[in-house]
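upload-v1.cif follows; it contains mmCIF, C-alpha atoms; chains and numbers go by the auth columns.
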data_model
#
loop_
_atom_site.group_PDB
_atom_site.id
_atom_site.type_symbol
_atom_site.label_atom_id
_atom_site.label_comp_id
_atom_site.label_asym_id
_atom_site.label_seq_id
_atom_site.Cartn_x
_atom_site.Cartn_y
_atom_site.Cartn_z
_atom_site.B_iso_or_equiv
_atom_site.auth_seq_id
_atom_site.auth_asym_id
ATOM 1 C CA GLU A 1 -26.129 -40.231 -110.223 0.00 1 A
ATOM 2 C CA PRO A 2 -28.602 -37.475 -109.215 0.00 2 A
ATOM 3 C CA ARG A 3 -30.134 -37.191 -112.703 0.00 3 A
ATOM 4 C CA ILE A 4 -31.002 -40.897 -112.697 0.00 4 A
ATOM 5 C CA ALA A 5 -32.379 -40.745 -109.141 0.00 5 A
ATOM 6 C CA ALA A 6 -34.540 -37.734 -110.019 0.00 6 A
ATOM 7 C CA ALA A 7 -35.859 -39.446 -113.157 0.00 7 A
ATOM 8 C CA ALA A 8 -36.706 -42.598 -111.195 0.00 8 A
ATOM 9 C CA LEU A 9 -38.433 -40.729 -108.362 0.00 9 A
ATOM 10 C CA ALA A 10 -40.240 -38.092 -110.423 0.00 10 A
ATOM 11 C CA PRO A 11 -43.176 -40.371 -111.365 0.00 11 A
ATOM 12 C CA LEU A 12 -43.759 -41.024 -107.652 0.00 12 A
ATOM 13 C CA LEU A 13 -43.631 -37.376 -106.615 0.00 13 A
ATOM 14 C CA GLU A 14 -44.026 -34.733 -109.316 0.00 14 A
ATOM 15 C CA HIS A 15 -47.822 -34.795 -109.707 0.00 15 A
ATOM 16 C CA GLU A 16 -48.660 -34.781 -106.008 0.00 16 A
ATOM 17 C CA ALA A 17 -50.663 -31.776 -104.764 0.00 17 A
ATOM 18 C CA VAL A 18 -48.867 -31.806 -101.391 0.00 18 A
ATOM 19 C CA GLU A 19 -45.253 -32.319 -100.356 0.00 19 A
ATOM 20 C CA ILE A 20 -44.264 -35.957 -100.010 0.00 20 A
ATOM 21 C CA PHE A 21 -40.984 -36.902 -98.302 0.00 21 A
ATOM 22 C CA GLY A 22 -39.477 -40.353 -98.701 0.00 22 A
ATOM 23 C CA VAL A 23 -36.338 -42.381 -98.256 0.00 23 A
ATOM 24 C CA ALA A 24 -34.840 -44.813 -100.743 0.00 24 A
ATOM 25 C CA CYS A 25 -32.943 -47.669 -99.108 0.00 25 A
ATOM 26 C CA LEU A 26 -30.101 -48.751 -101.370 0.00 26 A
ATOM 27 C CA SER A 27 -27.842 -51.789 -101.633 0.00 27 A
ATOM 28 C CA THR A 28 -24.061 -51.833 -101.879 0.00 28 A
ATOM 29 C CA ARG A 29 -24.379 -51.354 -105.664 0.00 29 A
ATOM 30 C CA HIS A 30 -26.936 -48.577 -105.084 0.00 30 A
ATOM 31 C CA ARG A 31 -29.858 -50.677 -106.278 0.00 31 A
ATOM 32 C CA LEU A 32 -33.234 -49.736 -104.825 0.00 32 A
ATOM 33 C CA LEU A 33 -34.244 -52.123 -102.032 0.00 33 A
ATOM 34 C CA ALA A 34 -37.224 -50.150 -100.713 0.00 34 A
ATOM 35 C CA TRP A 35 -38.987 -46.794 -101.033 0.00 35 A
ATOM 36 C CA HIS A 36 -40.635 -45.558 -97.840 0.00 36 A
ATOM 37 C CA VAL A 37 -42.985 -42.563 -97.857 0.00 37 A
ATOM 38 C CA LEU A 38 -42.260 -40.873 -94.546 0.00 38 A
ATOM 39 C CA SER A 39 -44.663 -37.954 -94.585 0.00 39 A
ATOM 40 C CA ARG A 40 -47.385 -36.216 -96.534 0.00 40 A
ATOM 41 C CA GLY A 41 -47.661 -32.519 -95.825 0.00 41 A
ATOM 42 C CA THR A 42 -49.241 -29.451 -97.334 0.00 42 A
ATOM 43 C CA ARG A 43 -48.639 -27.553 -100.564 0.00 43 A
ATOM 44 C CA SER A 44 -45.821 -25.658 -98.903 0.00 44 A
ATOM 45 C CA GLY A 45 -44.148 -28.132 -96.572 0.00 45 A
ATOM 46 C CA THR A 46 -43.942 -31.371 -94.671 0.00 46 A
ATOM 47 C CA SER A 47 -42.153 -32.377 -91.515 0.00 47 A
ATOM 48 C CA VAL A 48 -39.798 -35.287 -91.039 0.00 48 A
ATOM 49 C CA SER A 49 -37.623 -36.327 -88.105 0.00 49 A
ATOM 50 C CA LEU A 50 -34.304 -38.148 -88.032 0.00 50 A
ATOM 51 C CA PRO A 51 -35.906 -41.377 -86.737 0.00 51 A
ATOM 52 C CA ASP A 52 -38.474 -41.158 -89.560 0.00 52 A
ATOM 53 C CA VAL A 53 -35.570 -41.505 -92.008 0.00 53 A
ATOM 54 C CA PHE A 54 -33.193 -43.872 -90.262 0.00 54 A
ATOM 55 C CA VAL A 55 -35.544 -46.419 -88.665 0.00 55 A
ATOM 56 C CA PRO A 56 -36.821 -47.686 -92.058 0.00 56 A
ATOM 57 C CA ALA A 57 -33.223 -47.777 -93.303 0.00 57 A
ATOM 58 C CA CYS A 58 -32.091 -49.826 -90.322 0.00 58 A
ATOM 59 C CA LEU A 59 -35.060 -52.200 -90.673 0.00 59 A
ATOM 60 C CA THR A 60 -34.715 -52.781 -94.432 0.00 60 A
ATOM 61 C CA PRO A 61 -32.332 -55.723 -94.866 0.00 61 A
ATOM 62 C CA ARG A 62 -29.105 -55.107 -96.820 0.00 62 A
ATOM 63 C CA THR A 63 -29.433 -51.298 -96.752 0.00 63 A
ATOM 64 C CA THR A 64 -25.964 -49.786 -97.036 0.00 64 A
ATOM 65 C CA ALA A 65 -26.822 -46.269 -98.278 0.00 65 A
ATOM 66 C CA LEU A 66 -29.730 -43.823 -98.362 0.00 66 A
ATOM 67 C CA LEU A 67 -31.163 -41.221 -100.666 0.00 67 A
ATOM 68 C CA VAL A 68 -33.938 -38.927 -99.456 0.00 68 A
ATOM 69 C CA ALA A 69 -36.283 -37.095 -101.766 0.00 69 A
ATOM 70 C CA HIS A 70 -39.287 -34.869 -101.711 0.00 70 A
ATOM 71 C CA ASN A 71 -41.312 -32.830 -104.159 0.00 71 A
ATOM 72 C CA HIS A 72 -42.203 -29.175 -104.415 0.00 72 A
ATOM 73 C CA PRO A 73 -45.798 -28.964 -105.670 0.00 73 A
ATOM 74 C CA SER A 74 -45.079 -25.424 -106.908 0.00 74 A
ATOM 75 C CA GLY A 75 -42.907 -27.036 -109.591 0.00 75 A
ATOM 76 C CA ASP A 76 -39.820 -25.058 -108.529 0.00 76 A
ATOM 77 C CA PRO A 77 -37.241 -27.477 -107.081 0.00 77 A
ATOM 78 C CA ALA A 78 -35.117 -24.756 -105.435 0.00 78 A
ATOM 79 C CA PRO A 79 -34.435 -25.730 -101.813 0.00 79 A
ATOM 80 C CA SER A 80 -35.737 -23.756 -98.860 0.00 80 A
ATOM 81 C CA ALA A 81 -33.612 -22.887 -95.841 0.00 81 A
ATOM 82 C CA ASP A 82 -35.468 -25.665 -93.976 0.00 82 A
ATOM 83 C CA ASP A 83 -34.533 -28.142 -96.732 0.00 83 A
ATOM 84 C CA ALA A 84 -30.866 -27.187 -96.352 0.00 84 A
ATOM 85 C CA ARG A 85 -30.957 -27.464 -92.541 0.00 85 A
ATOM 86 C CA LEU A 86 -32.627 -30.877 -92.707 0.00 86 A
ATOM 87 C CA THR A 87 -30.077 -32.126 -95.241 0.00 87 A
ATOM 88 C CA ASP A 88 -27.214 -31.045 -92.992 0.00 88 A
ATOM 89 C CA ARG A 89 -28.770 -32.783 -89.971 0.00 89 A
ATOM 90 C CA LEU A 90 -29.399 -35.963 -91.981 0.00 90 A
ATOM 91 C CA ALA A 91 -25.821 -35.998 -93.284 0.00 91 A
ATOM 92 C CA HIS A 92 -24.430 -35.709 -89.743 0.00 92 A
ATOM 93 C CA ALA A 93 -26.731 -38.458 -88.437 0.00 93 A
ATOM 94 C CA ALA A 94 -25.816 -40.697 -91.384 0.00 94 A
ATOM 95 C CA ASP A 95 -22.145 -40.296 -90.464 0.00 95 A
ATOM 96 C CA VAL A 96 -22.856 -41.299 -86.882 0.00 96 A
ATOM 97 C CA ILE A 97 -24.717 -44.491 -87.794 0.00 97 A
ATOM 98 C CA ASP A 98 -22.416 -45.286 -90.741 0.00 98 A
ATOM 99 C CA ILE A 99 -25.105 -45.425 -93.424 0.00 99 A
ATOM 100 C CA PRO A 100 -24.097 -42.856 -96.071 0.00 100 A
ATOM 101 C CA LEU A 101 -26.620 -40.297 -97.237 0.00 101 A
ATOM 102 C CA LEU A 102 -25.876 -40.197 -100.963 0.00 102 A
ATOM 103 C CA ASP A 103 -28.147 -37.286 -101.804 0.00 103 A
ATOM 104 C CA HIS A 104 -31.251 -35.265 -101.064 0.00 104 A
ATOM 105 C CA VAL A 105 -33.166 -34.713 -104.284 0.00 105 A
ATOM 106 C CA ILE A 106 -36.021 -32.248 -104.657 0.00 106 A
ATOM 107 C CA VAL A 107 -38.341 -33.020 -107.558 0.00 107 A
ATOM 108 C CA GLY A 108 -40.035 -30.167 -109.384 0.00 108 A
ATOM 109 C CA SER A 109 -42.100 -30.209 -112.557 0.00 109 A
ATOM 110 C CA ASP A 110 -41.140 -30.830 -116.186 0.00 110 A
ATOM 111 C CA GLY A 111 -38.085 -32.924 -115.312 0.00 111 A
ATOM 112 C CA ARG A 112 -36.564 -30.223 -113.108 0.00 112 A
ATOM 113 C CA TYR A 113 -34.838 -31.300 -109.921 0.00 113 A
ATOM 114 C CA TYR A 114 -32.365 -30.075 -107.335 0.00 114 A
ATOM 115 C CA SER A 115 -29.582 -32.276 -105.962 0.00 115 A
ATOM 116 C CA PHE A 116 -27.755 -31.249 -102.801 0.00 116 A
ATOM 117 C CA ARG A 117 -24.873 -33.508 -103.901 0.00 117 A
ATOM 118 C CA GLU A 118 -24.584 -31.824 -107.328 0.00 118 A
ATOM 119 C CA ALA A 119 -24.733 -28.413 -105.675 0.00 119 A
ATOM 120 C CA GLY A 120 -21.833 -29.337 -103.401 0.00 120 A
ATOM 121 C CA LEU A 121 -23.972 -28.813 -100.287 0.00 121 A
ATOM 122 C CA LEU A 122 -23.918 -32.396 -99.075 0.00 122 A
ATOM 123 C CA PRO A 123 -20.599 -32.983 -97.337 0.00 123 A
ATOM 124 C CA ALA A 124 -18.456 -35.908 -98.378 0.00 124 A
ATOM 125 C CA ARG A 125 -18.812 -38.891 -96.072 0.00 125 A
ATOM 126 C CA GLY A 126 -16.950 -38.304 -92.850 0.00 126 A
ATOM 127 C CA ALA A 127 -16.459 -34.595 -93.529 0.00 127 A
ATOM 128 C CA GLY A 128 -19.567 -33.487 -91.668 0.00 128 A
ATOM 129 C CA LEU A 129 -18.262 -34.328 -88.207 0.00 129 A
ATOM 130 C CA SER A 130 -14.793 -32.843 -88.599 0.00 130 A
ATOM 131 C CA ARG A 131 -15.860 -29.412 -87.403 0.00 131 A
ATOM 132 C CA PHE A 132 -17.068 -30.644 -84.003 0.00 132 A
#

Could I get this structure in the form of structure tokens?
Amino acid sequence: EPRIAAAALAPLLEHEAVEIFGVACLSTRHRLLAWHVLSRGTRSGTSVSLPDVFVPACLTPRTTALLVAHNHPSGDPAPSADDARLTDRLAHAADVIDIPLLDHVIVGSDGRYYSFREAGLLPARGAGLSRF
């Protein structure tokens, strides 16, 4: 559930002065197996590549699903256009390698968060490739 994921990740991200992007590797029952910080950026952004996300997932034993998350130091968790593009690319790549991307959560301040899954912007598994 996005609310639970945001609450669990907020202590790791919400007080950072720069954007931090990470991936949570999850088990079949969606238990956290590992948390990998993939990049530390600036106050307004950070860059991450598809291998940055999927290599740790493939190397963490028993990973069957992923959740990516990052913070917005401004406190406003609203996604940028770049956040939306990255989420779409990650969802397509996850389909290809058969490790579901459960959500992309953006952590803001004061318990605020944004979930691409809750917003309906993360396609259901398998749906992302149907338009090709």

Could you work out how far CA of Gly22 in chain A lies from CA of Ala69 in chain A, giving the answer in Å with one decimal? 5.5 Å

From A:Pro51, A:His30, A:Ala91, A:Ser109, residue lying nearest Ala17 in chain A [only C-alpha atoms]: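 Checking each of A:Pro51, A:His30, A:Ala91, A:Ser109 against Ala17 in chain A, counting only C-alpha atoms, the winner is A:Ser109.
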
Distance criterion (all atoms listed in the file): nearest to Asp76 in chain A out of A:Ser39, A:Ser44, A:Thr63, A:Thr28: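 So, comparing all the options, the nearest one is A:Ser44.
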
Å distance separating CA of Leu67 in chain A from CA of His104 in chain A, one decimal place: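 Taking CA of Leu67 in chain A and CA of His104 in chain A, their separation equals 6.0 Å.
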
By how many Å are CA of Val18 in chain A and CA of Ala84 in chain A apart?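 Computing the Euclidean distance for CA of Val18 in chain A and CA of Ala84 in chain A yields 19.3 Å.
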
For this file, the PyMOL selection byres ((chain A and resi 53) around 9) selects which residues, as a list in words? Gly22, Val23, His36, Leu38, Val48, Ser49, Leu50, Pro51, Asp52, Phe54, Val55, Pro56, Ala57, Leu66, Val68 and Leu90 of chain A

Could the residues in this selection be saved with C-alpha atoms as a compact mmCIF listing (two decimals), keeping the file's coordinate frame?
# COMPACT_ATOMS: atom_id res chain seq x y z
CA GLY A 22 -39.48 -40.35 -98.70
CA VAL A 23 -36.34 -42.38 -98.26
CA HIS A 36 -40.64 -45.56 -97.84
CA LEU A 38 -42.26 -40.87 -94.55
CA VAL A 48 -39.80 -35.29 -91.04
CA SER A 49 -37.62 -36.33 -88.10
CA LEU A 50 -34.30 -38.15 -88.03
CA PRO A 51 -35.91 -41.38 -86.74
CA ASP A 52 -38.47 -41.16 -89.56
CA PHE A 54 -33.19 -43.87 -90.26
CA VAL A 55 -35.54 -46.42 -88.66
CA PRO A 56 -36.82 -47.69 -92.06
CA ALA A 57 -33.22 -47.78 -93.30
CA LEU A 66 -29.73 -43.82 -98.36
CA VAL A 68 -33.94 -38.93 -99.46
CA LEU A 90 -29.40 -35.96 -91.98

Taking only C-alpha atoms into account, which of A:Gly120, A:Asp95, A:Asn71, A:Arg62 comes nearest Val37 in chain A?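 Once distances to Val37 in chain A are computed over only C-alpha atoms, the minimum belongs to A:Asn71.
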
With only C-alpha atoms as the counted atoms, please give the residues lying no more than 8 Å from Pro77 in chain A, apart from itself and same-chain residues fewer than 2 positions off, as number ranges by chain. A: 71-72, 75, 79, 106-109, 112-114

Spatial neighbours of Arg3 in chain A, 9 Å, only C-alpha atoms, chain gap at least 4 places, as a ChimeraX atom specification: /A:7-8,113,115

For Pro73 in chain A, which residue out of A:Ala10, A:Asp110, A:Arg29, A:Arg43 is the nearest one, using all atoms listed in the file? A:Arg43

Near Ala34 in chain A, counting only C-alpha atoms, which residues have an atom at most 6 Å away, once you skip same-chain residues fewer than 2 positions from it, shown as a compact mmCIF listing (two decimals) with C-alpha atoms, keeping the file's coordinate frame?
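Full text of around.txt as output:
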# COMPACT_ATOMS: atom_id res chain seq x y z
CA ALA A 24 -34.84 -44.81 -100.74
CA CYS A 25 -32.94 -47.67 -99.11
CA LEU A 32 -33.23 -49.74 -104.82

Between A:Pro2, A:Pro61, A:His15, A:Ile20, which has the minimum distance to Leu33 in chain A (counting all atoms listed in the file)?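 The closest residue to Leu33 in chain A is A:Pro61.
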